[in-house]
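Accompanying notes for the structure given below.
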Amino acid sequence: MKEKALLILAGGLGSRFGGLKQVEPVDEQNNFIIDYSIFDAIRTGFNKVIFVIKEENYKIFKETIGKRIEKHIKVEYVFQGLNDYVPQGIDFSKRQKPWGTGHAVLVARDKIQGDFTVINADDFYGLDGFRVASNFFDENKDEKVYGLVGYMVGNTLTENGAVKRGVCEVKDDYFITVNESSIERKNGVIYANKLGTDEIRVLPENYPVNMNLICFRKNYIDILEKRFKDFVLDKNTNLEKDEFLLLNEVSYAIKNYGYKMKMLKTSAVWHGFTYKEDKEKVVNAIKKLKEENQYPNNLWSSDD
């Protein structure tokens with residue numbers, strides 16, 4: 001069977017939420033948001049899960065989510081360390097935080113054997129998002145075309161404050177670049193403030209934003225490895241703070257290597273823990289989905 005892997009970025013701590021939000025229970029059975037993502041991935045055709053985590057969090061992942069799902073899908077773990085893929089002689093001794101999303105994908109290269117989809121651990125993407133991603137691999141065979149599942153911005157907001165979203169620039173149904181922005185709905189109007197600037201624009205409810213549900217071919221790992229080396233060797237890179245971001249590198253590959261990224265549309269509604277106050281809404285949303293029979297009461301059956 002051809003591999004179709006789900007690569008879950010779970011290395012970060014939720015500073016605004018106030019804890020390790022990836023393992024915050026969201027239902028009476030103590031399932032996490034990750035459980036729902038994996039459950040949806042399995043029923044849309046994914047056959048392997050790769051967790052990218054900090055080594056110190058291995059035990060809690062293994063004993064909770066790992067123990068629940070290992071009977072249902074192949075599970076791999078990868079530790080993201082600061083030394084990984086950094087050329088010798090680079091002094092980054094003052095750096096404390098991970099290198100970023102692009103690096104998180106790169107460190108999983110030895111576990112990736114075929115097509116793979118990247119997601120965040122703490123985002124609830126909805127069944128349709130995974131169905132769209134899985135169908136992309138089934139229907140598109142061009143190794144130089146990737147896919148980005150674009151969520152309608154109105155389906156990704158919280159009532160508790162601004163959120164950071166990647167506002168996608170699209171041409172002829174293909175992704176061109178992304179503008180990281182702080183987005184908030186005020187008095188029924190959605191405002192996007194491009195980070196690092198005073199530029200503010202009004203977005204329609206259905207404008208596509210990136211939620212890091214991205215479909216890649218295995219060949220993209222080679223590009224990431226080369227680009228990360230260039231990143232750390234660049235004299236303009238602040239080795240203490242700058243991040244090697246996944247979609248920035250996609251934009252570079254599109255511009256310089258002739259790759260393409262198809263914008264994939266979904267009607268799915270995002271849920272997540274941007275703020276601590278969001279938990280009640282997430283729990284209620286999942287409860288409602290269960291009442292509508294979109295999910296079983298116990299995802300992994302009573303004996304798991």
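If you're wondering about the labels, chains in the structure tokens are A, B, ... by order shown, residues count from 1 in each chain, ligands from 1 in order shown.
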> Which residues in region 57-287 of chain A does DSSP call helix (DSSP H, G or I)? List them as a PyMOL selection string.
Replying inline: chain A and resi 57-69+101-106+109-111+127-139+153-155+220-233+246-257+276-287
>> Quick check for you: according to DSSP on this backbone, which residues of region 159-298 of chain A are classed as strand (DSSP E)? Reply as number ranges by chain.
In response: A: 163-171, 174-186, 189-194, 200-203, 208-216, 260-266, 271-272
Take the residues from that selection and write them out as a short mmCIF file (atom, residue, chain, number, x, y, z; two decimals), in the first residue's frame, keeping N, CA and C atoms.
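Okay, again-v6.cif is ready:
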```
data_model
loop_
_atom_site.label_atom_id
_atom_site.label_comp_id
_atom_site.auth_asym_id
_atom_site.auth_seq_id
_atom_site.Cartn_x
_atom_site.Cartn_y
_atom_site.Cartn_z
N VAL A 163 -6.44 36.55 16.08
CA VAL A 163 -5.70 35.33 15.80
C VAL A 163 -4.70 35.60 14.68
N LYS A 164 -3.63 34.82 14.64
CA LYS A 164 -2.66 34.95 13.56
C LYS A 164 -2.99 33.95 12.47
N ARG A 165 -3.17 34.44 11.27
CA ARG A 165 -3.50 33.60 10.13
C ARG A 165 -2.63 34.01 8.94
N GLY A 166 -2.39 33.06 8.08
CA GLY A 166 -1.69 33.34 6.84
C GLY A 166 -2.68 33.68 5.75
N VAL A 167 -2.75 34.94 5.35
CA VAL A 167 -3.67 35.37 4.30
C VAL A 167 -3.05 34.99 2.95
N CYS A 168 -3.73 34.12 2.22
CA CYS A 168 -3.16 33.56 1.00
C CYS A 168 -3.38 34.47 -0.20
N GLU A 169 -2.34 34.60 -1.00
CA GLU A 169 -2.46 35.28 -2.28
C GLU A 169 -2.53 34.19 -3.34
N VAL A 170 -3.59 34.23 -4.15
CA VAL A 170 -3.90 33.14 -5.08
C VAL A 170 -4.06 33.69 -6.49
N LYS A 171 -3.59 32.92 -7.48
CA LYS A 171 -3.78 33.26 -8.89
C LYS A 171 -4.13 32.00 -9.66
N TYR A 174 -4.03 28.74 -7.82
CA TYR A 174 -2.75 28.27 -7.29
C TYR A 174 -2.21 29.29 -6.28
N PHE A 175 -1.65 28.77 -5.20
CA PHE A 175 -1.05 29.59 -4.16
C PHE A 175 0.19 30.31 -4.70
N ILE A 176 0.32 31.60 -4.40
CA ILE A 176 1.48 32.39 -4.80
C ILE A 176 2.37 32.69 -3.60
N THR A 177 1.77 33.27 -2.57
CA THR A 177 2.52 33.58 -1.36
C THR A 177 1.52 33.78 -0.22
N VAL A 178 2.04 34.06 0.96
CA VAL A 178 1.20 34.22 2.14
C VAL A 178 1.66 35.44 2.92
N ASN A 179 0.71 36.16 3.49
CA ASN A 179 1.01 37.31 4.35
C ASN A 179 0.51 37.00 5.75
N GLU A 180 1.44 36.78 6.67
CA GLU A 180 1.05 36.51 8.06
C GLU A 180 0.41 37.76 8.64
N SER A 181 -0.79 37.58 9.20
CA SER A 181 -1.58 38.74 9.62
C SER A 181 -2.29 38.45 10.94
N SER A 182 -2.56 39.52 11.66
CA SER A 182 -3.40 39.44 12.85
C SER A 182 -4.82 39.76 12.41
N ILE A 183 -5.73 38.83 12.66
CA ILE A 183 -7.09 38.96 12.12
C ILE A 183 -8.12 38.93 13.25
N GLU A 184 -9.10 39.81 13.13
CA GLU A 184 -10.14 39.89 14.15
C GLU A 184 -11.43 40.39 13.52
N ARG A 185 -12.55 39.84 13.97
CA ARG A 185 -13.85 40.32 13.51
C ARG A 185 -14.36 41.37 14.51
N LYS A 186 -14.67 42.56 14.00
CA LYS A 186 -15.20 43.63 14.83
C LYS A 186 -16.47 44.18 14.20
N VAL A 189 -17.29 42.87 10.81
CA VAL A 189 -16.32 43.08 9.72
C VAL A 189 -15.01 42.40 10.10
N ILE A 190 -14.40 41.69 9.14
CA ILE A 190 -13.14 40.98 9.39
C ILE A 190 -11.97 41.85 8.93
N TYR A 191 -11.10 42.21 9.87
CA TYR A 191 -9.94 43.04 9.58
C TYR A 191 -8.67 42.21 9.68
N ALA A 192 -7.78 42.37 8.71
CA ALA A 192 -6.49 41.67 8.69
C ALA A 192 -5.37 42.70 8.70
N ASN A 193 -4.56 42.68 9.76
CA ASN A 193 -3.41 43.58 9.89
C ASN A 193 -2.15 42.78 9.57
N LYS A 194 -1.52 43.08 8.45
CA LYS A 194 -0.30 42.37 8.05
C LYS A 194 0.77 42.61 9.10
N ILE A 200 -3.73 47.39 6.80
CA ILE A 200 -4.95 46.72 7.24
C ILE A 200 -5.90 46.59 6.06
N ARG A 201 -6.46 45.41 5.90
CA ARG A 201 -7.43 45.19 4.82
C ARG A 201 -8.64 44.48 5.37
N VAL A 202 -9.76 44.68 4.69
CA VAL A 202 -11.01 43.99 5.06
C VAL A 202 -11.13 42.74 4.19
N LEU A 203 -11.40 41.60 4.84
CA LEU A 203 -11.52 40.34 4.13
C LEU A 203 -12.97 39.87 4.09
N PRO A 208 -9.55 32.80 1.53
CA PRO A 208 -8.76 31.65 2.00
C PRO A 208 -7.58 32.04 2.89
N VAL A 209 -7.45 31.33 4.00
CA VAL A 209 -6.31 31.51 4.88
C VAL A 209 -5.66 30.16 5.15
N ASN A 210 -4.40 30.22 5.46
CA ASN A 210 -3.65 29.01 5.74
C ASN A 210 -3.79 28.60 7.20
N MET A 211 -4.15 27.33 7.44
CA MET A 211 -4.22 26.78 8.80
C MET A 211 -3.20 25.65 8.97
N ASN A 212 -2.22 25.61 8.07
CA ASN A 212 -1.18 24.57 8.11
C ASN A 212 -1.76 23.17 7.93
N LEU A 213 -2.65 23.01 6.95
CA LEU A 213 -3.04 21.69 6.47
C LEU A 213 -2.54 21.64 5.03
N ILE A 214 -1.32 21.08 4.86
CA ILE A 214 -0.57 21.23 3.61
C ILE A 214 -0.13 19.86 3.11
N CYS A 215 -0.30 19.64 1.82
CA CYS A 215 0.00 18.35 1.19
C CYS A 215 1.31 18.43 0.41
N PHE A 216 2.24 17.52 0.72
CA PHE A 216 3.55 17.53 0.10
C PHE A 216 3.90 16.18 -0.51
N LYS A 260 4.54 24.13 -7.93
CA LYS A 260 3.23 24.77 -7.80
C LYS A 260 2.53 24.24 -6.56
N MET A 261 1.63 25.04 -6.01
CA MET A 261 0.80 24.60 -4.89
C MET A 261 -0.64 24.94 -5.20
N LYS A 262 -1.44 23.93 -5.38
CA LYS A 262 -2.84 24.11 -5.70
C LYS A 262 -3.62 24.50 -4.46
N MET A 263 -4.48 25.52 -4.58
CA MET A 263 -5.35 25.90 -3.47
C MET A 263 -6.55 24.97 -3.44
N LEU A 264 -6.72 24.29 -2.33
CA LEU A 264 -7.81 23.33 -2.16
C LEU A 264 -8.85 23.92 -1.22
N LYS A 265 -10.09 23.91 -1.63
CA LYS A 265 -11.15 24.56 -0.85
C LYS A 265 -11.83 23.57 0.08
N THR A 266 -12.16 24.04 1.27
CA THR A 266 -12.91 23.23 2.22
C THR A 266 -13.99 24.07 2.89
N HIS A 271 -11.67 24.77 14.83
CA HIS A 271 -11.81 25.02 16.27
C HIS A 271 -10.43 24.88 16.88
N GLY A 272 -10.15 25.67 17.91
CA GLY A 272 -8.84 25.54 18.54
C GLY A 272 -8.70 26.39 19.78
#
```
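Restricting the calculation to only C-alpha atoms, the smallest distance between Leu82 (chain A) and any of A:His103, A:Lys62, A:Arg68, A:Lys111 is found for A:His103.
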Each residue of region 29-60 of chain A with at least one atom at most 12 Å from region 132-148 of chain A should appear once, together with its nearest atom pair and the corresponding distance in Å (one decimal); atoms considered: only C-alpha atoms; ordering: chain, then increasing residue number; output as CSV.
```
residue,atom,partner,partner_atom,distance
A:Asp40,CA,A:Ser134,CA,10.6
A:Ala41,CA,A:Ser134,CA,8.2
A:Ile42,CA,A:Ser134,CA,10.1
A:Arg43,CA,A:Ser134,CA,10.0
A:Thr44,CA,A:Ser134,CA,6.3
A:Gly45,CA,A:Ser134,CA,6.5
A:Phe46,CA,A:Ser134,CA,7.3
A:Asn47,CA,A:Ser134,CA,10.8
```
> Which residue gives the smallest distance to Asp234 (chain A) among A:Gly196, A:Ile90, A:Glu56, A:Lys74, with only C-alpha atoms counted?
Replying inline: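 Checking each of A:Gly196, A:Ile90, A:Glu56, A:Lys74 against Asp234 (chain A), counting only C-alpha atoms, the winner is A:Ile90.
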> What's the 12 Å shell around Asp84 (chain A), counting only C-alpha atoms, without same-chain residues fewer than 5 positions away, as a ChimeraX atom specification?
Replying inline: /A:78-79,90,98-99,103-109,225,228-229,232
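Nearest residue to Asn155 (chain A) among A:Phe32, A:Tyr207, A:Phe244, A:Tyr77 is A:Tyr207, counting only C-alpha atoms.
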>> Which residue is closest to Lys241 (chain A)? Choose from A:Arg95, A:Tyr295, A:Glu159, A:Asp278 and count only C-alpha atoms.
In response: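 The answer is A:Arg95, which sits nearest to Lys241 (chain A).
The smallest atom-to-atom distance between Arg217 (chain A) and any of A:Tyr125, A:Phe39, A:Tyr259, A:Phe273, using only C-alpha atoms, is found for A:Tyr259.
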>> Would you compute the distance between CA of Gly11 (chain A) and CA of Ile50 (chain A)? Give it in Å to one decimal.
In response: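 Taking CA of Gly11 (chain A) and CA of Ile50 (chain A), their separation equals 12.1 Å.
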